[in-house]
>>> print(open('run-v4.txt').read())   # compact mmCIF, C-alpha atoms
# COMPACT_ATOMS: atom_id res chain seq x y z
CA MET A 1 -66.33 -60.96 23.34
CA ASP A 2 -62.56 -61.25 22.74
CA ALA A 3 -63.24 -60.83 19.00
CA LEU A 4 -65.10 -57.58 19.67
CA VAL A 5 -62.26 -56.21 21.77
CA SER A 6 -59.76 -57.24 19.09
CA GLN A 7 -61.89 -55.57 16.42
CA ASP A 8 -62.00 -52.24 18.30
CA ALA A 9 -58.25 -52.47 18.82
CA ASN A 10 -57.75 -53.04 15.08
CA GLU A 11 -59.81 -49.94 14.27
CA GLU A 12 -57.83 -47.84 16.74
CA ASP A 13 -54.52 -49.22 15.42
CA MET A 14 -55.49 -48.37 11.83
CA SER A 15 -56.59 -44.87 12.81
CA GLN A 16 -53.28 -44.23 14.56
CA LYS A 17 -51.35 -45.75 11.64
CA HIS A 18 -53.12 -43.47 9.14
CA LYS A 19 -52.46 -40.39 11.28
CA ARG A 20 -48.80 -41.33 11.57
CA GLU A 21 -48.44 -41.90 7.81
CA LYS A 22 -50.13 -38.56 7.03
CA LYS A 23 -47.75 -36.79 9.41
CA GLU A 24 -44.75 -38.54 7.80
CA LEU A 25 -45.99 -37.62 4.32
CA GLN A 26 -46.33 -33.96 5.28
CA ALA A 27 -42.74 -33.98 6.52
CA LYS A 28 -41.62 -35.58 3.26
CA ILE A 29 -43.58 -33.00 1.23
CA GLN A 30 -41.91 -30.14 3.11
CA SER A 31 -38.53 -31.74 2.46
CA LEU A 32 -39.31 -32.08 -1.27
CA LYS A 33 -40.41 -28.46 -1.51
CA LYS A 34 -37.21 -27.27 0.15
CA SER A 35 -35.10 -29.37 -2.24
CA ALA A 36 -36.21 -27.38 -5.31
CA PRO A 37 -33.48 -24.94 -6.41
CA LYS A 38 -34.68 -21.35 -6.48
CA GLY A 39 -35.77 -20.35 -9.97
CA ASP A 40 -35.72 -23.92 -11.34
CA LYS A 41 -39.24 -24.15 -12.78
CA LYS A 42 -38.69 -27.60 -14.26
CA LYS A 43 -37.66 -29.06 -10.89
CA LYS A 44 -40.61 -27.36 -9.17
CA ARG A 45 -43.01 -28.90 -11.70
CA GLU A 46 -41.48 -32.34 -11.15
CA ILE A 47 -41.79 -31.96 -7.38
CA THR A 48 -45.43 -30.82 -7.70
CA GLU A 49 -46.18 -33.93 -9.77
CA GLU A 50 -44.42 -36.16 -7.23
CA ILE A 51 -46.34 -34.61 -4.31
CA SER A 52 -49.68 -35.11 -6.09
CA ARG A 53 -48.77 -38.73 -6.83
CA LEU A 54 -47.78 -39.43 -3.21
CA GLU A 55 -50.98 -37.85 -1.83
CA LEU A 56 -53.21 -39.77 -4.23
CA GLU A 57 -51.45 -43.06 -3.48
CA MET A 58 -51.84 -42.56 0.27
CA GLU A 59 -55.51 -41.60 -0.01
CA LYS A 60 -56.22 -44.63 -2.19
CA ARG A 61 -54.33 -46.97 0.13
CA HIS A 62 -56.09 -45.63 3.24
CA ASP A 63 -59.51 -46.01 1.56
CA GLU A 64 -58.69 -49.60 0.60
CA GLU A 65 -57.43 -50.46 4.09
CA THR A 66 -60.53 -48.93 5.68
CA ALA A 67 -62.79 -50.84 3.29
CA GLN A 68 -60.96 -54.10 4.05
CA LEU A 69 -61.32 -53.54 7.77
CA CYS A 70 -65.03 -52.84 7.35
CA GLY A 71 -65.36 -56.12 5.48
CA PHE A 72 -63.47 -57.91 8.27
CA ASN A 73 -65.76 -56.32 10.87
CA ALA A 74 -68.81 -57.48 8.98
CA ASN A 75 -67.49 -61.06 9.08
CA ILE A 76 -66.97 -60.80 12.84
CA THR A 77 -70.54 -59.53 13.21
CA ASN A 78 -71.86 -62.57 11.31
CA VAL A 79 -69.84 -64.96 13.48
CA THR A 80 -71.02 -63.20 16.66
CA ASP A 81 -74.65 -63.40 15.53
CA GLU A 82 -74.26 -67.12 14.88
CA MET A 83 -72.74 -67.59 18.35
CA ASN A 84 -75.75 -65.83 19.83
CA ASN A 85 -77.90 -68.65 18.43
CA LEU A 86 -75.86 -71.32 20.20
CA SER A 87 -76.39 -72.47 23.76
CA VAL A 88 -73.96 -71.24 26.41
CA ASP A 89 -72.03 -74.20 27.84
CA GLY A 90 -74.74 -76.37 26.23
CA GLU A 91 -77.27 -75.27 28.82
CA ILE A 92 -78.52 -71.72 28.06
CA ALA A 93 -80.27 -71.35 24.68
CA ASP A 94 -80.37 -68.11 22.67
CA ASP A 95 -83.84 -67.25 23.86
CA ASP A 96 -82.68 -67.73 27.44
CA LEU A 97 -80.11 -64.94 27.05
CA ASP A 98 -82.91 -62.52 27.87
CA GLU A 99 -82.79 -63.94 31.37
CA VAL A 100 -79.17 -62.84 31.73
CA PRO A 101 -79.48 -59.14 32.62
CA GLY A 102 -77.98 -56.83 29.97
CA LEU A 103 -76.12 -59.58 28.02
CA ARG A 104 -78.27 -59.63 24.84
CA GLN A 105 -78.64 -55.83 24.87
CA HIS A 106 -74.85 -55.42 25.17
CA ARG A 107 -74.12 -57.76 22.23
CA LEU A 108 -76.73 -56.21 19.96
CA THR A 109 -75.44 -52.74 20.80
CA LYS A 110 -71.88 -53.74 19.87
CA ALA A 111 -73.03 -55.25 16.58
CA GLN A 112 -75.19 -52.26 15.74
CA ARG A 113 -72.37 -49.89 16.55
CA ARG A 114 -70.12 -51.65 14.06
CA ARG A 115 -72.81 -51.57 11.38
CA ASP A 116 -73.41 -47.87 12.01
CA LYS A 117 -69.71 -47.09 11.82
CA LYS A 118 -69.35 -48.99 8.55
CA ALA A 119 -72.39 -47.20 7.11
CA THR A 120 -70.96 -43.83 8.18
CA ILE A 121 -67.61 -44.54 6.52
CA LEU A 122 -69.27 -45.60 3.28
CA LYS A 123 -71.59 -42.59 3.36
CA GLU A 124 -68.69 -40.19 3.88
CA ARG A 125 -66.77 -41.80 1.02
CA GLU A 126 -69.77 -41.54 -1.32
CA LEU A 127 -70.17 -37.89 -0.27
CA ARG A 128 -66.53 -37.14 -1.12
CA ILE A 129 -66.95 -38.80 -4.51
CA SER A 130 -70.13 -36.81 -5.20
CA GLU A 131 -68.47 -33.55 -4.17
CA GLN A 132 -65.52 -34.26 -6.44
CA GLU A 133 -67.83 -35.02 -9.36
CA VAL A 134 -69.61 -31.68 -8.82
CA GLN A 135 -66.25 -29.89 -8.69
CA ASN A 136 -65.20 -31.63 -11.89
CA ILE A 137 -68.39 -30.53 -13.67
CA HIS A 138 -68.23 -26.90 -12.56
CA GLY A 139 -64.47 -26.65 -12.10
CA ALA A 140 -62.26 -24.38 -14.18
CA ARG A 141 -60.71 -27.31 -16.05
CA ASN A 142 -64.00 -28.79 -17.23
CA VAL A 143 -65.55 -25.42 -18.08
CA GLU A 144 -62.47 -24.47 -20.10
CA THR A 145 -62.39 -27.80 -21.96
CA GLU A 146 -66.10 -27.75 -22.79
CA THR A 147 -65.81 -24.18 -24.12
CA ILE A 148 -62.92 -25.14 -26.39
CA LYS A 149 -64.81 -28.22 -27.59
CA LYS A 150 -67.77 -26.05 -28.63
CA ILE A 151 -65.50 -23.66 -30.53
CA LEU A 152 -63.82 -26.54 -32.35
CA LYS A 153 -67.11 -28.30 -33.13
CA GLN A 154 -68.28 -25.23 -35.04
CA ARG A 155 -65.30 -25.84 -37.30
CA ASP A 156 -65.92 -29.61 -37.47
CA LEU A 157 -62.85 -30.22 -35.29
CA MET A 158 -62.20 -31.81 -31.92
CA ILE A 159 -59.38 -32.05 -29.38
CA TYR A 160 -56.59 -34.55 -29.91
CA GLU A 161 -55.15 -35.02 -26.43
CA ILE A 162 -51.40 -34.71 -25.92
CA PRO A 163 -49.65 -35.98 -22.73
CA SER A 164 -48.56 -33.33 -20.23
CA ASP A 165 -44.85 -34.08 -19.98
CA GLY A 166 -43.16 -30.81 -20.97
CA ASN A 167 -43.16 -31.75 -24.65
CA CYS A 168 -46.84 -30.97 -25.27
CA LEU A 169 -46.25 -28.03 -27.64
CA TYR A 170 -43.79 -29.97 -29.78
CA CYS A 171 -45.87 -33.17 -29.68
CA ALA A 172 -48.98 -31.28 -30.79
CA ILE A 173 -47.10 -29.74 -33.72
CA GLU A 174 -45.55 -33.12 -34.58
CA HIS A 175 -49.03 -34.69 -34.63
CA GLN A 176 -50.34 -32.20 -37.17
CA LEU A 177 -47.20 -32.27 -39.33
CA LYS A 178 -47.28 -36.08 -39.51
CA THR A 179 -51.02 -35.98 -40.28
CA GLU A 180 -50.29 -33.78 -43.32
CA GLU A 181 -46.82 -34.91 -44.38
CA GLY A 182 -46.56 -38.48 -43.11
CA LEU A 183 -43.64 -40.12 -41.30
CA GLY A 184 -41.11 -37.84 -42.98
CA ALA A 185 -42.22 -34.86 -40.90
CA PRO A 186 -39.84 -33.73 -38.11
CA GLY A 187 -40.37 -35.29 -34.68
CA VAL A 188 -40.16 -33.75 -31.23
CA ASN A 189 -36.37 -33.97 -30.87
CA GLU A 190 -35.77 -32.47 -34.30
CA LEU A 191 -38.26 -29.67 -33.65
CA ARG A 192 -36.48 -28.84 -30.39
CA LEU A 193 -33.05 -28.76 -32.01
CA MET A 194 -34.33 -26.61 -34.87
CA THR A 195 -35.94 -24.18 -32.46
CA SER A 196 -32.87 -23.90 -30.23
CA LYS A 197 -30.59 -23.25 -33.22
CA PHE A 198 -32.93 -20.60 -34.64
CA LEU A 199 -33.16 -18.81 -31.27
CA ARG A 200 -29.37 -18.67 -30.97
CA GLU A 201 -29.01 -17.32 -34.49
CA ASN A 202 -31.65 -14.65 -33.88
CA SER A 203 -31.02 -13.77 -30.25
CA VAL A 204 -31.49 -10.02 -30.90
CA ASP A 205 -35.10 -10.68 -31.99
CA PHE A 206 -36.01 -13.00 -29.12
CA LEU A 207 -34.08 -11.79 -26.07
CA PRO A 208 -36.50 -8.88 -25.39
CA TYR A 209 -39.32 -11.41 -24.92
CA LEU A 210 -37.50 -13.52 -22.34
CA SER A 211 -37.02 -12.63 -18.68
CA HIS A 212 -35.57 -14.30 -15.61
CA PRO A 213 -38.34 -16.07 -13.59
CA ASP A 214 -37.06 -14.69 -10.26
CA THR A 215 -35.86 -11.17 -11.04
CA GLY A 216 -38.05 -10.33 -14.03
CA GLU A 217 -34.97 -8.85 -15.72
CA MET A 218 -34.07 -9.58 -19.35
CA LEU A 219 -31.83 -12.62 -19.69
CA THR A 220 -28.10 -12.12 -19.95
CA GLU A 221 -26.24 -13.71 -22.85
CA VAL A 222 -25.12 -16.57 -20.60
CA GLN A 223 -28.67 -17.13 -19.33
CA PHE A 224 -29.97 -17.01 -22.89
CA GLU A 225 -27.47 -19.72 -23.93
CA ASP A 226 -28.64 -21.83 -21.00
CA TYR A 227 -32.27 -21.25 -22.06
CA CYS A 228 -31.46 -22.46 -25.59
CA ASP A 229 -29.71 -25.54 -24.16
CA GLN A 230 -32.85 -26.39 -22.20
CA VAL A 231 -35.00 -26.02 -25.33
CA ALA A 232 -32.74 -28.47 -27.17
CA ASN A 233 -31.93 -31.04 -24.50
CA THR A 234 -34.68 -31.11 -21.86
CA PRO A 235 -38.49 -31.44 -21.76
CA ALA A 236 -38.80 -27.73 -20.97
CA TRP A 237 -42.23 -26.21 -21.64
CA GLY A 238 -42.57 -24.32 -24.92
CA GLY A 239 -44.60 -21.15 -25.39
CA GLU A 240 -45.06 -18.12 -27.61
CA VAL A 241 -41.32 -17.57 -28.21
CA GLU A 242 -40.89 -21.12 -29.45
CA LEU A 243 -44.03 -20.84 -31.59
CA ARG A 244 -42.69 -17.72 -33.26
CA ALA A 245 -39.41 -19.45 -34.03
CA LEU A 246 -41.18 -22.52 -35.41
CA SER A 247 -43.51 -20.43 -37.57
CA HIS A 248 -40.43 -19.08 -39.40
CA LEU A 249 -38.71 -22.45 -39.53
CA LEU A 250 -41.76 -24.31 -40.89
CA LYS A 251 -43.12 -21.36 -42.92
CA CYS A 252 -46.49 -21.97 -41.26
CA ARG A 253 -49.31 -20.06 -39.62
CA PHE A 254 -50.28 -21.13 -36.10
CA GLU A 255 -53.80 -20.56 -34.77
CA ILE A 256 -54.13 -21.08 -31.03
CA ILE A 257 -57.71 -21.70 -29.82
CA GLN A 258 -58.41 -20.73 -26.21
CA SER A 259 -61.54 -20.69 -24.04
CA THR A 260 -61.55 -16.91 -23.49
CA GLY A 261 -60.89 -14.23 -26.08
CA PRO A 262 -60.22 -14.63 -29.78
CA ALA A 263 -57.80 -17.18 -31.21
CA ILE A 264 -54.13 -16.15 -31.17
CA VAL A 265 -52.44 -16.13 -34.59
CA ILE A 266 -48.68 -16.49 -34.88
CA GLY A 267 -46.93 -16.39 -38.26
CA GLY A 268 -49.74 -14.56 -40.02
CA GLU A 269 -47.36 -13.71 -42.86
CA TYR A 270 -47.45 -17.38 -43.85
CA LYS A 271 -51.18 -17.46 -44.62
CA ASN A 272 -50.43 -19.38 -47.82
CA GLY A 273 -48.22 -21.91 -46.04
CA LYS A 274 -49.03 -24.72 -43.60
CA GLN A 275 -51.98 -24.05 -41.31
CA ILE A 276 -51.60 -25.57 -37.84
CA VAL A 277 -54.39 -25.33 -35.24
CA LEU A 278 -53.60 -25.94 -31.57
CA THR A 279 -55.64 -25.56 -28.37
CA TYR A 280 -54.29 -23.75 -25.33
CA HIS A 281 -55.38 -24.81 -21.83
CA ARG A 282 -54.67 -22.93 -18.62
CA HIS A 283 -56.42 -25.40 -16.28
CA MET A 284 -56.17 -28.85 -17.89
CA TYR A 285 -53.37 -29.93 -15.55
CA GLY A 286 -52.08 -28.60 -12.25
CA LEU A 287 -48.66 -27.89 -13.72
CA GLY A 288 -49.48 -24.81 -15.78
CA GLU A 289 -50.22 -24.14 -19.44
CA HIS A 290 -50.81 -27.04 -21.83
CA TYR A 291 -51.21 -27.44 -25.58
CA ASN A 292 -53.30 -30.03 -27.40
CA SER A 293 -53.61 -30.77 -31.10
CA VAL A 294 -56.86 -31.10 -33.08
CA GLN A 295 -58.35 -33.60 -35.50
CA PRO A 296 -61.52 -33.89 -37.63
CA TYR A 297 -64.67 -34.19 -35.49
CA LYS A 298 -66.07 -37.67 -35.02
CA THR A 299 -68.41 -39.46 -32.63
CA GLU A 300 -68.66 -42.95 -31.21
CA GLU A 301 -71.57 -45.24 -32.09
CA ASN A 302 -73.39 -44.13 -28.92
CA GLY A 303 -73.28 -40.53 -30.11
CA THR A 304 -70.68 -39.29 -27.62
CA GLU A 305 -67.64 -37.36 -28.73
CA SER A 306 -64.58 -39.49 -29.27
CA ILE A 307 -61.14 -38.17 -28.28
CA SER A 308 -58.05 -40.06 -29.29
>>> encode(input="run-v4.txt", output="structure tokens")
Amino acid sequence: MDALVSQDANEEDMSQKHKREKKELQAKIQSLKKSAPKGDKKKKREITEEISRLELEMEKRHDEETAQLCGFNANITNVTDEMNNLSVDGEIADDDLDEVPGLRQHRLTKAQRRRDKKATILKERELRISEQEVQNIHGARNVETETIKKILKQRDLMIYEIPSDGNCLYCAIEHQLKTEEGLGAPGVNELRLMTSKFLRENSVDFLPYLSHPDTGEMLTEVQFEDYCDQVANTPAWGGEVELRALSHLLKCRFEIIQSTGPAIVIGGEYKNGKQIVLTYHRHMYGLGEHYNSVQPYKTEENGTESIS
């Protein structure tokens, strides 16, 4: 009986502990959000990533702790059932427990309640997993990716996945340049420095396409210099402005495949130069736009598409 009381206490303690940790995490999340400087997109992206990581870690830890407790409860149930088969004080056998009013019924009810609670927890967890799988199948990210895959397959191409770390545009271009030119092709750092230098030298051409994220006004000369510094020295996201600069630097034509609308072509005047195909994703990650590279289409032995 003491074991049963202890078990219920453990369940209540864990429930209170989880509630307390969730409350503490929410306070920490609010603090992180407030720490982001206004207009600092890079810092906001980093904080968003950190919040997602903290939430996932807590959810995983709580699931594991709950599962461990359920396993512990099951062991207690087994021990209690075995005790029910023993005599009480060596005189009352298991079958004789029926003669003690309400004792057997009470013990069986306790055991069944634990089993039911464990089954409910497992069922709820399986339901959450199933719901997430459905969301993944019909979610914007999966729909977008599958559409792009179909477009690429018609051209005997497939996605080559690039990590989402702020360098995705430059990494995707590096991948294709090294595929064509070998190890001598410029890497991410060199591409960033080249781009920054070209933007500075041609500020009149590019300033009209850049605006302040908070005010929407065109960047001042000082802000433009800061923007170019970020391009050169930080993992700041690259976009159409950087692609236009790189098309001139590399004398290449970029074709950007997206899930909706026709492909975007940048550097069309270099149709006889290098031809670089990239894929543009709005929903692949929760941090905003993302670029991937492509490679020749291939399948695994089981017939499924293989992505490097």
>>> closest_residue(input="run-v4.txt", among="A:Arg61, A:Arg192, A:Lys197, A:Arg141", to="Thr234 (chain A)", atoms="all atoms listed in the file")
A:Arg192
>>> atom_distance(input="run-v4.txt", atom1="CA of Ser247 (chain A)", atom2="CA of Asp156 (chain A)")
24.2 Å
>>> atom_distance(input="run-v4.txt", atom1="CA of Ser35 (chain A)", atom2="CA of Glu289 (chain A)")
23.5 Å
>>> closest_residue(input="run-v4.txt", among="A:Gln223, A:Ile173, A:Lys22, A:Gly187", to="Lys274 (chain A)", atoms="all atoms listed in the file")
A:Ile173
>>> atom_distance(input="run-v4.txt", atom1="CA of Ile47 (chain A)", atom2="CA of Ala236 (chain A)")
14.5 Å
>>> residues_around(input="run-v4.txt", residues="Tyr297 (chain A)", least_positions_apart="2", cutoff="7 Å", atoms="only C-alpha atoms", output="compact mmCIF listing (two decimals) with C-alpha atoms, in the coordinates of the input")
# COMPACT_ATOMS: atom_id res chain seq x y z
CA LYS A 153 -67.11 -28.30 -33.13
CA ASP A 156 -65.92 -29.61 -37.47
CA LEU A 157 -62.85 -30.22 -35.29
CA MET A 158 -62.20 -31.81 -31.92
CA GLN A 295 -58.35 -33.60 -35.50
>>> residues_around(input="run-v4.txt", residues="Glu144 (chain A)", least_positions_apart="3", cutoff="9 Å", atoms="all atoms listed in the file", output="ChimeraX atom specification")
/A:139-141,147-149,258-260,281-284
>>> closest_residue(input="run-v4.txt", among="A:Cys252, A:Lys60, A:Glu11, A:Glu217", to="Arg114 (chain A)", atoms="all atoms listed in the file")
A:Glu11
>>> closest_residue(input="run-v4.txt", among="A:Glu240, A:Glu255, A:Glu21, A:Asp165", to="Arg45 (chain A)", atoms="only C-alpha atoms")
A:Asp165
